[in-house]
Amino acid sequence: MKACRREAANKTPVWLMRQAGRYMAEYRKLRETHTLLEMCRQPDLASEVTMQPIRRFQMDAAIIFADILLPLEPLGLHLEFAKGEGPVIHNAISRPEDVNRLHDFDVKHELGFVLEAIRMTVQQLGATPLIGFAGAPFTVASYAIEGGHSRHFLKTKQFMYQYPDAWHLLMKKISDMTDRYLQAQTAVGASAVQMFDSWVGVLGPDDYRKFVLPYSQMVLSNQRVPVIHFSTGTSSYLDAICEAGGDVISVDWRIDLAVARKQIGARAIQGNLDPAHLLMPGEKLRAEVQAVLKAAGKDPGYIFNLGHGVFPETPPENVELLIKEVHSWKP
Ligand code: CP3
């Protein structure tokens, strides 16, 4: 929390995106008997999975176990996680009329299970802060339109260019919901929130400013706790990402952390180890972790993280080694 506010801390804080997940045997065991959506919708299970990495490693923050796609259901889009395929939305948005049909829903009611999981987890965590999260308007809209994962995001771009009014309405609806959802998460105890714009790097800077920035800005500027603005593939327009906002800017490995820090200026920064390095044995991993720490420099306001999520293939011992290495670092 100090790092979010750019205050000096006695060690470099570290947490990892997807720290709760398939690389852990404890998680895989629970997944044998429950689907991903069941685990998200049962607060005791979501809370248990959130705590798994906290019990095993010395992370400085927990992130609530949920998914950025959970709000699609109450919006009226039927979400399923198909085996081996990732998310599938059966009635994806394809025409402007589809946007009018999206429901305006009460987050406390429809996503109450996430809020309950946050309440339960905060009680167990003690002094460790809990991070709440939501998908960013663009990334959520892209799933609503593509109906699943995509390589080139052509349907999304086509919709955006062909039906700009419907696109803006869609972004307005999603961002209003996201704003309320994040505020509800802090109201029940999340100490900070992260907004995931995982795929917005498929856009160039002009499209980002025109079609995305105002909506991300609205969500980010309304939060009352520190907010982390995460994206990938956006290092060529970090100025626009910063303009959209965030107390902390999360960057990926496509930019040197020292260069990113200079560009970001008076904000905290999070990142940016390539999660592929976590597959490498001890000495190699250690050298890469040190290189990131060195690039981060001495100024306060730095949170060690990956540039994107932990891969399921990651050996848990390597996560442990990474955390120890970060905590023993003297800048
Ligand atoms: O520990 C944590 O990070 C908290 C839990 C978390 C999940 N999803 C659980 C999950 C978080 C923060 C997310 C965010 C999320 N979900 C994002 C943004 C971050 C990113 O990775 O870019 C996105 C794009 C999604 C959508 C999503 N969820 C996809 C595309 C998939 C399938 C791909 C995959 O990795 O399997 C998921 C499934 C998912 N969400 C898993 C987990 C642990 C794996 C599912 C499983 O157990 O089968």
# chains A, B, ... in the order shown; residues from 1 in each chain; ligands from 1
$ residues_around --residues "segment 156-172 of chain A" --least-positions-apart "4" --cutoff "6 Å" --atoms "only C-alpha atoms" --output "list in words"
Pro96, Val99, Pro137, Ser142 and Ile145 of chain A
$ write_last_selection --atoms "all heavy atoms" --output "PDB file, in the first residue's frame"
ATOM      1  N   PRO A  96     -25.645  -3.531 -33.714  1.00  0.00           N
ATOM      2  CA  PRO A  96     -25.896  -2.431 -32.765  1.00  0.00           C
ATOM      3  C   PRO A  96     -27.081  -2.710 -31.836  1.00  0.00           C
ATOM      4  O   PRO A  96     -27.016  -2.374 -30.646  1.00  0.00           O
ATOM      5  CB  PRO A  96     -26.196  -1.236 -33.672  1.00  0.00           C
ATOM      6  CG  PRO A  96     -25.480  -1.526 -34.938  1.00  0.00           C
ATOM      7  CD  PRO A  96     -25.533  -3.020 -35.100  1.00  0.00           C
ATOM      8  N   VAL A  99     -26.551  -4.221 -28.362  1.00  0.00           N
ATOM      9  CA  VAL A  99     -26.068  -3.388 -27.257  1.00  0.00           C
ATOM     10  C   VAL A  99     -27.245  -2.866 -26.432  1.00  0.00           C
ATOM     11  O   VAL A  99     -27.196  -2.811 -25.200  1.00  0.00           O
ATOM     12  CB  VAL A  99     -25.209  -2.214 -27.788  1.00  0.00           C
ATOM     13  CG1 VAL A  99     -24.744  -1.318 -26.649  1.00  0.00           C
ATOM     14  CG2 VAL A  99     -24.013  -2.744 -28.585  1.00  0.00           C
ATOM     15  N   PRO A 137     -12.962  -1.696 -19.691  1.00  0.00           N
ATOM     16  CA  PRO A 137     -14.057  -1.675 -20.676  1.00  0.00           C
ATOM     17  C   PRO A 137     -13.671  -2.279 -22.035  1.00  0.00           C
ATOM     18  O   PRO A 137     -14.435  -3.084 -22.582  1.00  0.00           O
ATOM     19  CB  PRO A 137     -14.396  -0.181 -20.785  1.00  0.00           C
ATOM     20  CG  PRO A 137     -14.019   0.368 -19.441  1.00  0.00           C
ATOM     21  CD  PRO A 137     -12.833  -0.412 -18.986  1.00  0.00           C
ATOM     22  N   SER A 142     -14.331  -6.632 -25.821  1.00  0.00           N
ATOM     23  CA  SER A 142     -13.769  -7.491 -26.863  1.00  0.00           C
ATOM     24  C   SER A 142     -14.250  -8.934 -26.698  1.00  0.00           C
ATOM     25  O   SER A 142     -14.556  -9.596 -27.683  1.00  0.00           O
ATOM     26  CB  SER A 142     -12.235  -7.399 -26.897  1.00  0.00           C
ATOM     27  OG  SER A 142     -11.653  -8.171 -25.873  1.00  0.00           O
ATOM     28  N   ILE A 145     -17.897  -9.196 -27.867  1.00  0.00           N
ATOM     29  CA  ILE A 145     -18.063  -9.171 -29.327  1.00  0.00           C
ATOM     30  C   ILE A 145     -17.426 -10.391 -29.997  1.00  0.00           C
ATOM     31  O   ILE A 145     -18.029 -11.003 -30.872  1.00  0.00           O
ATOM     32  CB  ILE A 145     -17.476  -7.866 -29.919  1.00  0.00           C
ATOM     33  CG1 ILE A 145     -18.285  -6.656 -29.404  1.00  0.00           C
ATOM     34  CG2 ILE A 145     -17.488  -7.905 -31.447  1.00  0.00           C
ATOM     35  CD1 ILE A 145     -17.693  -5.304 -29.773  1.00  0.00           C
TER      36      ILE A 145
END
$ residues_around --residues "Leu322 of chain A" --least-positions-apart "2" --cutoff "8 Å" --atoms "only C-alpha atoms" --output "ChimeraX atom specification"
/A:285-286,289,318-320,324-326
$ select_by_dssp --residues "segment 72-206 of chain A" --states "helix (DSSP H, G or I)" --output "short mmCIF file (atom, residue, chain, number, x, y, z; two decimals) with N, CA and C atoms, in the first residue's frame"
data_model
loop_
_atom_site.label_atom_id
_atom_site.label_comp_id
_atom_site.auth_asym_id
_atom_site.auth_seq_id
_atom_site.Cartn_x
_atom_site.Cartn_y
_atom_site.Cartn_z
N LEU A 72 -20.34 -10.61 -17.44
CA LEU A 72 -21.02 -10.82 -18.73
C LEU A 72 -22.40 -11.46 -18.52
N GLU A 73 -22.49 -12.41 -17.60
CA GLU A 73 -23.77 -13.12 -17.36
C GLU A 73 -24.89 -12.15 -16.99
N PRO A 74 -24.71 -11.36 -15.91
CA PRO A 74 -25.79 -10.43 -15.57
C PRO A 74 -26.04 -9.36 -16.64
N LEU A 75 -25.07 -9.11 -17.51
CA LEU A 75 -25.33 -8.19 -18.64
C LEU A 75 -26.27 -8.85 -19.65
N PRO A 96 -25.64 -3.53 -33.71
CA PRO A 96 -25.90 -2.43 -32.76
C PRO A 96 -27.08 -2.71 -31.84
N GLU A 97 -28.14 -3.36 -32.34
CA GLU A 97 -29.32 -3.63 -31.49
C GLU A 97 -28.95 -4.47 -30.27
N ASP A 98 -27.95 -5.34 -30.44
CA ASP A 98 -27.56 -6.21 -29.32
C ASP A 98 -27.11 -5.39 -28.10
N VAL A 99 -26.55 -4.22 -28.36
CA VAL A 99 -26.07 -3.39 -27.26
C VAL A 99 -27.24 -2.87 -26.43
N ASN A 100 -28.35 -2.52 -27.14
CA ASN A 100 -29.53 -2.02 -26.42
C ASN A 100 -30.12 -3.06 -25.48
N VAL A 107 -24.96 -4.61 -9.07
CA VAL A 107 -23.77 -5.44 -8.82
C VAL A 107 -23.83 -6.13 -7.45
N LYS A 108 -24.41 -5.45 -6.48
CA LYS A 108 -24.47 -6.04 -5.12
C LYS A 108 -25.32 -7.30 -5.12
N HIS A 109 -26.31 -7.33 -5.98
CA HIS A 109 -27.18 -8.50 -6.05
C HIS A 109 -26.58 -9.56 -6.97
N GLU A 110 -26.28 -9.18 -8.22
CA GLU A 110 -25.86 -10.17 -9.23
C GLU A 110 -24.43 -10.67 -9.04
N GLY A 112 -22.96 -10.50 -5.96
CA GLY A 112 -22.83 -10.54 -4.50
C GLY A 112 -21.89 -11.64 -4.02
N PHE A 113 -21.76 -12.71 -4.81
CA PHE A 113 -20.87 -13.80 -4.39
C PHE A 113 -19.41 -13.35 -4.37
N VAL A 114 -19.02 -12.46 -5.28
CA VAL A 114 -17.64 -11.93 -5.26
C VAL A 114 -17.45 -11.06 -4.02
N LEU A 115 -18.46 -10.24 -3.73
CA LEU A 115 -18.36 -9.35 -2.58
C LEU A 115 -18.29 -10.16 -1.28
N GLU A 116 -19.06 -11.23 -1.22
CA GLU A 116 -19.02 -12.10 -0.04
C GLU A 116 -17.64 -12.77 0.10
N ALA A 117 -17.08 -13.21 -1.03
CA ALA A 117 -15.74 -13.82 -1.00
C ALA A 117 -14.71 -12.81 -0.50
N ILE A 118 -14.85 -11.56 -0.91
CA ILE A 118 -13.93 -10.51 -0.44
C ILE A 118 -14.06 -10.34 1.07
N ARG A 119 -15.29 -10.22 1.56
CA ARG A 119 -15.52 -10.09 3.00
C ARG A 119 -14.86 -11.23 3.78
N MET A 120 -15.11 -12.45 3.32
CA MET A 120 -14.56 -13.63 4.03
C MET A 120 -13.04 -13.62 4.01
N THR A 121 -12.46 -13.23 2.87
CA THR A 121 -11.00 -13.29 2.72
C THR A 121 -10.30 -12.22 3.54
N VAL A 122 -10.87 -11.03 3.55
CA VAL A 122 -10.26 -9.92 4.31
C VAL A 122 -10.12 -10.32 5.78
N GLN A 123 -11.10 -11.04 6.30
CA GLN A 123 -11.05 -11.47 7.70
C GLN A 123 -9.88 -12.43 7.96
N GLN A 124 -9.61 -13.28 6.97
CA GLN A 124 -8.52 -14.24 7.16
C GLN A 124 -7.14 -13.64 6.94
N LEU A 125 -7.09 -12.56 6.14
CA LEU A 125 -5.80 -12.05 5.70
C LEU A 125 -5.04 -11.27 6.76
N PRO A 137 -12.96 -1.70 -19.69
CA PRO A 137 -14.06 -1.67 -20.68
C PRO A 137 -13.67 -2.28 -22.04
N PHE A 138 -12.50 -1.95 -22.56
CA PHE A 138 -12.15 -2.50 -23.88
C PHE A 138 -12.03 -4.02 -23.85
N THR A 139 -11.31 -4.54 -22.87
CA THR A 139 -11.06 -5.99 -22.84
C THR A 139 -12.36 -6.76 -22.62
N VAL A 140 -13.24 -6.25 -21.78
CA VAL A 140 -14.53 -6.92 -21.57
C VAL A 140 -15.38 -6.83 -22.84
N ALA A 141 -15.40 -5.65 -23.47
CA ALA A 141 -16.17 -5.49 -24.72
C ALA A 141 -15.65 -6.43 -25.80
N SER A 142 -14.33 -6.63 -25.82
CA SER A 142 -13.77 -7.49 -26.86
C SER A 142 -14.25 -8.93 -26.70
N TYR A 143 -14.38 -9.42 -25.46
CA TYR A 143 -14.93 -10.77 -25.25
C TYR A 143 -16.41 -10.80 -25.62
N ALA A 144 -17.14 -9.73 -25.28
CA ALA A 144 -18.58 -9.70 -25.59
C ALA A 144 -18.82 -9.76 -27.09
N ILE A 145 -17.90 -9.20 -27.87
CA ILE A 145 -18.06 -9.17 -29.33
C ILE A 145 -17.43 -10.39 -30.00
N GLU A 146 -16.22 -10.76 -29.57
CA GLU A 146 -15.56 -11.90 -30.21
C GLU A 146 -16.24 -13.22 -29.83
N LEU A 154 -10.53 -8.89 -34.90
CA LEU A 154 -11.12 -8.28 -36.10
C LEU A 154 -12.59 -7.93 -35.93
N LYS A 155 -13.35 -8.82 -35.24
CA LYS A 155 -14.78 -8.52 -35.04
C LYS A 155 -14.92 -7.26 -34.20
N THR A 156 -14.09 -7.17 -33.18
CA THR A 156 -14.15 -6.01 -32.28
C THR A 156 -13.83 -4.73 -33.05
N LYS A 157 -12.74 -4.78 -33.82
CA LYS A 157 -12.34 -3.57 -34.56
C LYS A 157 -13.38 -3.20 -35.60
N GLN A 158 -13.90 -4.22 -36.27
CA GLN A 158 -14.90 -3.96 -37.30
C GLN A 158 -16.15 -3.30 -36.70
N PHE A 159 -16.59 -3.82 -35.56
CA PHE A 159 -17.76 -3.25 -34.87
C PHE A 159 -17.48 -1.79 -34.50
N MET A 160 -16.30 -1.56 -33.95
CA MET A 160 -15.90 -0.23 -33.49
C MET A 160 -15.88 0.78 -34.66
N TYR A 161 -15.32 0.34 -35.79
CA TYR A 161 -15.20 1.26 -36.94
C TYR A 161 -16.55 1.42 -37.66
N GLN A 162 -17.31 0.32 -37.74
CA GLN A 162 -18.54 0.35 -38.53
C GLN A 162 -19.70 0.98 -37.77
N PRO A 164 -19.72 3.18 -34.75
CA PRO A 164 -19.11 3.94 -33.64
C PRO A 164 -20.12 4.32 -32.55
N ASP A 165 -21.37 4.64 -32.92
CA ASP A 165 -22.34 5.03 -31.88
C ASP A 165 -22.65 3.86 -30.96
N ALA A 166 -22.87 2.70 -31.56
CA ALA A 166 -23.16 1.51 -30.76
C ALA A 166 -21.93 1.14 -29.91
N TRP A 167 -20.74 1.30 -30.48
CA TRP A 167 -19.51 1.03 -29.71
C TRP A 167 -19.45 1.93 -28.48
N HIS A 168 -19.70 3.24 -28.68
CA HIS A 168 -19.61 4.16 -27.55
C HIS A 168 -20.66 3.84 -26.49
N LEU A 169 -21.85 3.43 -26.94
CA LEU A 169 -22.89 3.04 -25.99
C LEU A 169 -22.47 1.79 -25.21
N LEU A 170 -21.90 0.83 -25.92
CA LEU A 170 -21.42 -0.40 -25.28
C LEU A 170 -20.36 -0.07 -24.23
N MET A 171 -19.40 0.78 -24.60
CA MET A 171 -18.33 1.15 -23.67
C MET A 171 -18.90 1.92 -22.47
N LYS A 172 -19.90 2.73 -22.72
CA LYS A 172 -20.53 3.48 -21.62
C LYS A 172 -21.20 2.50 -20.66
N LYS A 173 -21.95 1.55 -21.20
CA LYS A 173 -22.64 0.59 -20.33
C LYS A 173 -21.64 -0.23 -19.52
N ILE A 174 -20.59 -0.71 -20.18
CA ILE A 174 -19.62 -1.54 -19.47
C ILE A 174 -18.85 -0.71 -18.44
N SER A 175 -18.49 0.51 -18.79
CA SER A 175 -17.68 1.28 -17.85
C SER A 175 -18.52 1.72 -16.64
N ASP A 176 -19.79 2.05 -16.83
CA ASP A 176 -20.64 2.39 -15.68
C ASP A 176 -20.74 1.22 -14.72
N MET A 177 -20.94 0.02 -15.30
CA MET A 177 -21.04 -1.18 -14.48
C MET A 177 -19.70 -1.44 -13.75
N THR A 178 -18.60 -1.31 -14.47
CA THR A 178 -17.27 -1.58 -13.90
C THR A 178 -16.95 -0.62 -12.75
N ASP A 179 -17.32 0.62 -12.93
CA ASP A 179 -17.12 1.63 -11.88
C ASP A 179 -17.86 1.20 -10.61
N ARG A 180 -19.12 0.83 -10.74
CA ARG A 180 -19.92 0.43 -9.57
C ARG A 180 -19.37 -0.86 -8.95
N TYR A 181 -18.95 -1.77 -9.81
CA TYR A 181 -18.44 -3.07 -9.34
C TYR A 181 -17.16 -2.88 -8.52
N LEU A 182 -16.24 -2.06 -9.00
CA LEU A 182 -14.99 -1.82 -8.26
C LEU A 182 -15.27 -1.09 -6.95
N GLN A 183 -16.17 -0.13 -6.98
CA GLN A 183 -16.51 0.59 -5.74
C GLN A 183 -17.14 -0.35 -4.72
N ALA A 184 -17.96 -1.28 -5.20
CA ALA A 184 -18.59 -2.25 -4.30
C ALA A 184 -17.52 -3.15 -3.67
N GLN A 185 -16.49 -3.48 -4.44
CA GLN A 185 -15.42 -4.33 -3.90
C GLN A 185 -14.64 -3.60 -2.80
N THR A 186 -14.43 -2.30 -2.97
CA THR A 186 -13.72 -1.57 -1.91
C THR A 186 -14.62 -1.38 -0.69
N ALA A 187 -15.91 -1.22 -0.94
CA ALA A 187 -16.84 -1.04 0.19
C ALA A 187 -16.83 -2.25 1.13
N VAL A 200 -5.82 -4.55 -24.94
CA VAL A 200 -5.97 -3.24 -25.61
C VAL A 200 -4.76 -2.88 -26.47
N GLY A 201 -3.64 -3.59 -26.24
CA GLY A 201 -2.44 -3.37 -27.06
C GLY A 201 -2.63 -3.72 -28.53
N VAL A 202 -3.77 -4.30 -28.89
CA VAL A 202 -4.03 -4.55 -30.32
C VAL A 202 -4.42 -3.26 -31.04
N PRO A 205 -2.33 4.02 -31.02
CA PRO A 205 -2.58 5.12 -30.09
C PRO A 205 -3.79 5.99 -30.45
N ASP A 206 -4.02 6.22 -31.73
CA ASP A 206 -5.16 7.09 -32.10
C ASP A 206 -6.48 6.42 -31.76
#
$ residues_near_ligand --ligand "ligand 1" --cutoff "6 Å" --atoms "only C-alpha atoms and all ligand atoms" --output "list in words"
Met17, Arg18, Gln19, Ala20, Gly21, Arg22, Leu36, Ile63, Ile64, Phe65, Ala66, Asp67, Ile68, Gly86, Pro87, Phe196, Ser198 and Gly309 of chain A
$ atom_distance --atom1 "atom CA of Ala295 of chain A" --atom2 "atom CA of Arg267 of chain A"
16.0 Å
$ closest_residue --among "A:Met51, A:Val292, A:Met1, A:Cys242" --to "Asp256 of chain A" --atoms "only C-alpha atoms"
A:Val292
$ closest_residue --among "A:Glu26, A:His90, A:Gln263, A:Leu321" --to "Glu283 of chain A" --atoms "only C-alpha atoms"
A:Leu321
$ atom_distance --atom1 "atom CA of Asn91 of chain A" --atom2 "atom CA of His78 of chain A"
6.3 Å
$ closest_residue --among "A:Ile93, A:Leu70, A:Leu279, A:Ile249" --to "Tyr302 of chain A" --atoms "only C-alpha atoms"
A:Ile249
$ select_by_dssp --residues "segment 195-314 of chain A" --states "strand (DSSP E or B)" --output "list in words"
Met195, Phe196, Asp197, Val227, Ile228, His229, Phe230, Ser231, Val248, Ile249, Ser250, Ala268, Ile269, Gln270, Gly271, Asn272, Leu273, Tyr302, Ile303, Phe304, Asn305 and Leu306 of chain A
$ write_last_selection --atoms "N, CA and C atoms" --output "PDB file, in the first residue's frame"
ATOM      1  N   MET A 195      -7.443  -2.751 -12.647  1.00  0.00           N
ATOM      2  CA  MET A 195      -8.256  -2.823 -13.860  1.00  0.00           C
ATOM      3  C   MET A 195      -7.407  -3.456 -14.962  1.00  0.00           C
ATOM      4  N   PHE A 196      -7.871  -4.631 -15.450  1.00  0.00           N
ATOM      5  CA  PHE A 196      -7.101  -5.413 -16.432  1.00  0.00           C
ATOM      6  C   PHE A 196      -7.502  -5.048 -17.863  1.00  0.00           C
ATOM      7  N   ASP A 197      -6.617  -4.368 -18.578  1.00  0.00           N
ATOM      8  CA  ASP A 197      -6.867  -4.141 -20.009  1.00  0.00           C
ATOM      9  C   ASP A 197      -5.911  -5.032 -20.813  1.00  0.00           C
ATOM     10  N   VAL A 227      -5.542   2.580  -7.334  1.00  0.00           N
ATOM     11  CA  VAL A 227      -5.955   1.751  -8.456  1.00  0.00           C
ATOM     12  C   VAL A 227      -4.774   1.493  -9.391  1.00  0.00           C
ATOM     13  N   ILE A 228      -4.649   0.229  -9.778  1.00  0.00           N
ATOM     14  CA  ILE A 228      -3.562  -0.220 -10.653  1.00  0.00           C
ATOM     15  C   ILE A 228      -4.127  -0.363 -12.061  1.00  0.00           C
ATOM     16  N   HIS A 229      -3.501   0.299 -13.013  1.00  0.00           N
ATOM     17  CA  HIS A 229      -3.942   0.242 -14.410  1.00  0.00           C
ATOM     18  C   HIS A 229      -3.024  -0.720 -15.157  1.00  0.00           C
ATOM     19  N   PHE A 230      -3.572  -1.899 -15.456  1.00  0.00           N
ATOM     20  CA  PHE A 230      -2.782  -2.950 -16.120  1.00  0.00           C
ATOM     21  C   PHE A 230      -3.130  -3.025 -17.605  1.00  0.00           C
ATOM     22  N   SER A 231      -2.097  -3.160 -18.419  1.00  0.00           N
ATOM     23  CA  SER A 231      -2.324  -3.453 -19.843  1.00  0.00           C
ATOM     24  C   SER A 231      -1.089  -4.172 -20.370  1.00  0.00           C
ATOM     25  N   VAL A 248      -1.087   3.460  -9.982  1.00  0.00           N
ATOM     26  CA  VAL A 248       0.025   2.572 -10.331  1.00  0.00           C
ATOM     27  C   VAL A 248      -0.172   2.153 -11.788  1.00  0.00           C
ATOM     28  N   ILE A 249       0.894   2.225 -12.581  1.00  0.00           N
ATOM     29  CA  ILE A 249       0.823   1.776 -13.966  1.00  0.00           C
ATOM     30  C   ILE A 249       1.580   0.449 -14.058  1.00  0.00           C
ATOM     31  N   SER A 250       0.893  -0.594 -14.555  1.00  0.00           N
ATOM     32  CA  SER A 250       1.513  -1.911 -14.665  1.00  0.00           C
ATOM     33  C   SER A 250       1.995  -2.105 -16.098  1.00  0.00           C
ATOM     34  N   ALA A 268       3.305   5.541  -9.345  1.00  0.00           N
ATOM     35  CA  ALA A 268       3.948   4.277  -9.000  1.00  0.00           C
ATOM     36  C   ALA A 268       3.916   3.352 -10.215  1.00  0.00           C
ATOM     37  N   ILE A 269       4.793   2.348 -10.200  1.00  0.00           N
ATOM     38  CA  ILE A 269       4.891   1.433 -11.344  1.00  0.00           C
ATOM     39  C   ILE A 269       4.925  -0.016 -10.850  1.00  0.00           C
ATOM     40  N   GLN A 270       4.373  -0.915 -11.661  1.00  0.00           N
ATOM     41  CA  GLN A 270       4.338  -2.349 -11.329  1.00  0.00           C
ATOM     42  C   GLN A 270       4.811  -3.140 -12.542  1.00  0.00           C
ATOM     43  N   GLY A 271       5.575  -4.183 -12.297  1.00  0.00           N
ATOM     44  CA  GLY A 271       5.991  -5.055 -13.377  1.00  0.00           C
ATOM     45  C   GLY A 271       7.355  -5.636 -13.106  1.00  0.00           C
ATOM     46  N   ASN A 272       7.977  -6.073 -14.136  1.00  0.00           N
ATOM     47  CA  ASN A 272       7.538  -6.371 -15.479  1.00  0.00           C
ATOM     48  C   ASN A 272       8.251  -7.615 -16.017  1.00  0.00           C
ATOM     49  N   LEU A 273       8.543  -8.585 -15.112  1.00  0.00           N
ATOM     50  CA  LEU A 273       9.249  -9.803 -15.532  1.00  0.00           C
ATOM     51  C   LEU A 273       8.399 -10.589 -16.529  1.00  0.00           C
ATOM     52  N   TYR A 302       7.475   1.323  -6.252  1.00  0.00           N
ATOM     53  CA  TYR A 302       7.652   0.206  -7.178  1.00  0.00           C
ATOM     54  C   TYR A 302       7.091  -1.072  -6.585  1.00  0.00           C
ATOM     55  N   ILE A 303       6.302  -1.797  -7.345  1.00  0.00           N
ATOM     56  CA  ILE A 303       5.743  -3.098  -6.950  1.00  0.00           C
ATOM     57  C   ILE A 303       6.253  -4.137  -7.934  1.00  0.00           C
ATOM     58  N   PHE A 304       6.962  -5.153  -7.402  1.00  0.00           N
ATOM     59  CA  PHE A 304       7.451  -6.213  -8.293  1.00  0.00           C
ATOM     60  C   PHE A 304       6.278  -7.099  -8.705  1.00  0.00           C
ATOM     61  N   ASN A 305       6.218  -7.408 -10.004  1.00  0.00           N
ATOM     62  CA  ASN A 305       5.194  -8.313 -10.524  1.00  0.00           C
ATOM     63  C   ASN A 305       5.703  -8.833 -11.862  1.00  0.00           C
ATOM     64  N   LEU A 306       4.905  -9.693 -12.471  1.00  0.00           N
ATOM     65  CA  LEU A 306       5.189 -10.148 -13.825  1.00  0.00           C
ATOM     66  C   LEU A 306       4.554  -9.148 -14.780  1.00  0.00           C
TER      67      LEU A 306
END
$ closest_residue --among "A:Val212, A:Thr314, A:Trp329, A:Ala240" --to "Met280 of chain A" --atoms "only C-alpha atoms"
A:Thr314
